[in-house]
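Have a look at entry_16.pdb below; it lists PDB, C-alpha atoms.
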```pdb
ATOM      1  CA  MET A   1     -34.369  10.162 -16.130
ATOM      2  CA  ARG A   2     -35.271   8.120 -13.069
ATOM      3  CA  ILE A   3     -31.673   7.012 -12.513
ATOM      4  CA  THR A   4     -30.453  10.609 -12.812
ATOM      5  CA  ARG A   5     -32.893  11.661 -10.125
ATOM      6  CA  ALA A   6     -31.840   8.771  -7.887
ATOM      7  CA  VAL A   7     -28.129   9.557  -8.266
ATOM      8  CA  THR A   8     -28.715  13.271  -7.681
ATOM      9  CA  GLY A   9     -30.780  12.475  -4.587
ATOM     10  CA  TYR A  10     -27.984  10.288  -3.235
ATOM     11  CA  VAL A  11     -25.075  12.626  -3.895
ATOM     12  CA  SER A  12     -26.860  15.785  -2.775
ATOM     13  CA  ARG A  13     -26.840  14.487   0.816
ATOM     14  CA  TYR A  14     -23.238  15.687   1.116
ATOM     15  CA  ARG A  15     -22.030  19.244   1.601
ATOM     16  CA  ARG A  16     -19.529  19.412  -1.254
ATOM     17  CA  TRP A  17     -21.207  16.999  -3.651
ATOM     18  CA  ARG A  18     -20.819  19.247  -6.700
ATOM     19  CA  LEU A  19     -17.087  19.568  -6.123
ATOM     20  CA  ALA A  20     -16.775  15.826  -5.587
ATOM     21  CA  LEU A  21     -18.630  15.092  -8.820
ATOM     22  CA  ALA A  22     -16.536  17.666 -10.672
ATOM     23  CA  ILE A  23     -13.401  15.831  -9.558
ATOM     24  CA  ALA A  24     -14.358  12.149  -9.581
ATOM     25  CA  VAL A  25     -16.517  11.873 -12.719
ATOM     26  CA  PRO A  26     -14.046  13.449 -15.175
ATOM     27  CA  TYR A  27     -11.262  11.294 -13.731
ATOM     28  CA  ALA A  28     -13.386   8.146 -14.106
ATOM     29  CA  LEU A  29     -14.238   9.131 -17.700
ATOM     30  CA  LEU A  30     -10.544   9.737 -18.390
ATOM     31  CA  VAL A  31      -9.731   6.256 -17.107
ATOM     32  CA  VAL A  32     -12.456   4.707 -19.267
ATOM     33  CA  GLY A  33     -11.332   6.640 -22.352
ATOM     34  CA  VAL A  34      -7.667   5.789 -21.917
ATOM     35  CA  THR A  35      -8.519   2.127 -21.309
ATOM     36  CA  VAL A  36     -10.525   2.000 -24.541
ATOM     37  CA  TYR A  37      -7.674   3.735 -26.389
ATOM     38  CA  VAL A  38      -5.136   1.244 -25.027
ATOM     39  CA  GLU A  39      -7.363  -1.737 -25.806
ATOM     40  CA  ILE A  40      -7.819  -0.597 -29.407
ATOM     41  CA  GLY A  41      -4.170   0.382 -29.747
ATOM     42  CA  ILE A  42      -2.687  -2.900 -28.583
ATOM     43  CA  ARG A  43      -4.934  -4.872 -30.949
ATOM     44  CA  GLN A  44      -3.569  -3.057 -34.002
ATOM     45  CA  PRO A  45      -1.083  -4.977 -36.156
ATOM     46  CA  GLY A  46       2.495  -3.894 -35.483
ATOM     47  CA  SER A  47       1.728  -2.375 -32.087
ATOM     48  CA  GLN A  48       4.453  -2.732 -29.495
ATOM     49  CA  GLY A  49       2.104  -2.016 -26.603
ATOM     50  CA  LEU A  50       3.570   1.355 -25.710
ATOM     51  CA  GLU A  51       0.040   2.752 -25.480
ATOM     52  CA  ALA A  52      -0.227   1.019 -22.111
ATOM     53  CA  VAL A  53       2.227   3.547 -20.650
ATOM     54  CA  LEU A  54      -0.542   6.133 -20.906
ATOM     55  CA  LEU A  55      -2.841   3.955 -18.798
ATOM     56  CA  PHE A  56      -0.010   3.458 -16.323
ATOM     57  CA  LEU A  57       0.408   7.237 -15.986
ATOM     58  CA  VAL A  58      -3.312   7.929 -15.631
ATOM     59  CA  THR A  59      -3.799   5.314 -12.913
ATOM     60  CA  ALA A  60      -0.722   6.271 -10.867
ATOM     61  CA  PRO A  61      -0.035   5.941  -7.888
ATOM     62  CA  ILE A  62      -1.927   2.638  -7.575
ATOM     63  CA  SER A  63      -0.318   1.473 -10.813
ATOM     64  CA  LEU A  64       3.023   1.532  -9.003
ATOM     65  CA  VAL A  65       1.644  -1.047  -6.588
ATOM     66  CA  LEU A  66       0.276  -3.129  -9.464
ATOM     67  CA  LEU A  67       3.734  -3.294 -11.014
ATOM     68  CA  GLN A  68       4.793  -5.440  -8.069
ATOM     69  CA  LEU A  69       2.460  -8.200  -9.294
ATOM     70  CA  PRO A  70       3.649 -10.782 -11.823
ATOM     71  CA  LEU A  71       1.693  -9.195 -14.693
ATOM     72  CA  GLU A  72       3.399 -11.246 -17.411
ATOM     73  CA  VAL A  73       2.045 -14.409 -15.763
ATOM     74  CA  LEU A  74      -1.467 -12.966 -15.509
ATOM     75  CA  GLY A  75      -1.649 -11.959 -19.162
ATOM     76  CA  ALA A  76      -2.299  -8.708 -20.972
ATOM     77  CA  ASP A  77      -6.079  -8.790 -20.652
ATOM     78  CA  VAL A  78      -6.027  -9.351 -16.900
ATOM     79  CA  ALA A  79      -3.393  -6.641 -16.469
ATOM     80  CA  LEU A  80      -5.514  -4.205 -18.458
ATOM     81  CA  LEU A  81      -8.524  -5.079 -16.318
ATOM     82  CA  LEU A  82      -6.488  -4.551 -13.127
ATOM     83  CA  PHE A  83      -5.300  -1.104 -14.217
ATOM     84  CA  PHE A  84      -8.842  -0.168 -15.248
ATOM     85  CA  ALA A  85     -10.239  -1.302 -11.882
ATOM     86  CA  ALA A  86      -7.452   0.572 -10.085
ATOM     87  CA  GLY A  87      -8.385   3.762 -11.921
ATOM     88  CA  LEU A  88     -12.055   3.425 -11.017
ATOM     89  CA  PHE A  89     -11.062   2.690  -7.420
ATOM     90  CA  GLN A  90      -9.053   5.916  -7.390
ATOM     91  CA  ALA A  91     -12.068   7.807  -8.743
ATOM     92  CA  TRP A  92     -14.120   6.405  -5.862
ATOM     93  CA  ILE A  93     -11.397   7.437  -3.391
ATOM     94  CA  LEU A  94     -11.456  10.957  -4.861
ATOM     95  CA  TRP A  95     -15.222  11.029  -4.392
ATOM     96  CA  MET A  96     -14.935   9.865  -0.780
ATOM     97  CA  ILE A  97     -12.297  12.476   0.036
ATOM     98  CA  ALA A  98     -14.003  15.386  -1.714
ATOM     99  CA  HIS A  99     -17.688  15.004  -0.803
ATOM    100  CA  GLY A 100     -17.316  16.056   2.818
ATOM    101  CA  PRO A 101     -19.733  15.364   5.652
ATOM    102  CA  ARG A 102     -23.457  14.863   5.251
ATOM    103  CA  LYS A 103     -25.756  17.866   5.387
ATOM    104  CA  GLY A 104     -27.866  18.549   8.440
ATOM    105  CA  GLY A 105     -25.968  16.324  10.820
ATOM    106  CA  GLU A 106     -28.157  13.298  10.174
ATOM    107  CA  PRO A 107     -27.256  10.382  12.428
ATOM    108  CA  ALA A 108     -25.730   7.327  10.823
ATOM    109  CA  VAL A 109     -28.195   4.533  10.125
ATOM    110  CA  VAL A 110     -27.374   1.300  11.924
ATOM    111  CA  HIS A 111     -28.887  -1.885  10.581
ATOM    112  CA  ASP A 112     -29.389  -4.787  12.945
ATOM    113  CA  SER A 113     -27.978  -8.041  11.641
TER
END
```

Could you rewrite the structure in this file as structure tokens?
Amino acid sequence: MRITRAVTGYVSRYRRWRLALAIAVPYALLVVGVTVYVEIGIRQPGSQGLEAVLLFLVTAPISLVLLQLPLEVLGADVALLLFFAAGLFQAWILWMIAHGPRKGGEPAVVHDS
């Protein structure tokens, strides 16, 4: 309960935080679910790995950039981890785009180094 209150306190500082959560969280859950499905699917005997196409589609357009890497050299597990991380990165980008400016025009906090 404490973590829920902390997350709600953080995200409610933005004007469109409900919209941002409604966009970013389901996408992040979709990425997690598809990654689990692909991981289970490719471990099954007789699998040809075509389940990974679904993960490729869900994580597009960053997955197009990842295809430029030598994925066969990296291995299947590292490639799966890269696509998963790319999907979560896209969820974060969606959050950053959708949440809008902070409420109340609070000045940015500058920390002295």

Around segment 15-20 of chain A, with edges along x, y and z and 3 Å added on all six sides, what centre and edge lengths do you get, in Å to one decimal, as JSON?
```
{"center_x": -19.4, "center_y": 17.7, "center_z": -2.5, "size_x": 11.3, "size_y": 9.7, "size_z": 14.3}
```

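Distances from A:Leu54, A:Val11, A:Leu82, A:Ala24 to Gly41 of chain A were compared using all atoms listed in the file, and the smallest one belongs to A:Leu54.
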
Compile the contact shell of Trp95 of chain A as a list of chain:residue names: residues with an atom at most 9 Å away, counting all atoms listed in the file, same-chain residues fewer than 5 positions apart removed. A:Trp17, A:Leu19, A:Ala20, A:Leu21, A:Ile23, A:Ala24, A:Val25, A:Gln90

Selection result for the PyMOL selection byres ((chain A and resi 56) around 12) on this file, as a list in words: Val31, Val34, Thr35, Val38, Gly49, Leu50, Glu51, Ala52, Val53, Leu54, Leu55, Leu57, Val58, Thr59, Ala60, Pro61, Ile62, Ser63, Leu64, Val65, Leu66, Leu67, Ala79, Leu80, Leu82, Phe83, Phe84, Ala86 and Gly87 of chain A

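One distance worth recording is that between atom CA of Val36 of chain A and atom CA of Leu94 of chain A, which is 21.6 Å.
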
Restricting the calculation to all atoms listed in the file, which member of A:Tyr10, A:Arg16, A:Glu72, A:Leu88 is positioned closest to Gly100 of chain A? A:Arg16

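In this structure, atom CA of Ile97 of chain A sits 26.8 Å away from atom CA of Arg2 of chain A.
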
Rounded to one decimal, what separation in Å do you get between atom CA of Leu30 of chain A and atom CA of Leu81 of chain A? 15.1 Å

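Counting all atoms listed in the file, the residue from A:Gly104, A:Pro26, A:Gly46, A:Gly75 that sits nearest to Arg13 of chain A is A:Gly104.
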
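When all atoms listed in the file are used to compute distances to Arg18 of chain A, the closest of the residues A:Ile40, A:Ala98, A:Ala6, A:Val32 turns out to be A:Ala98.
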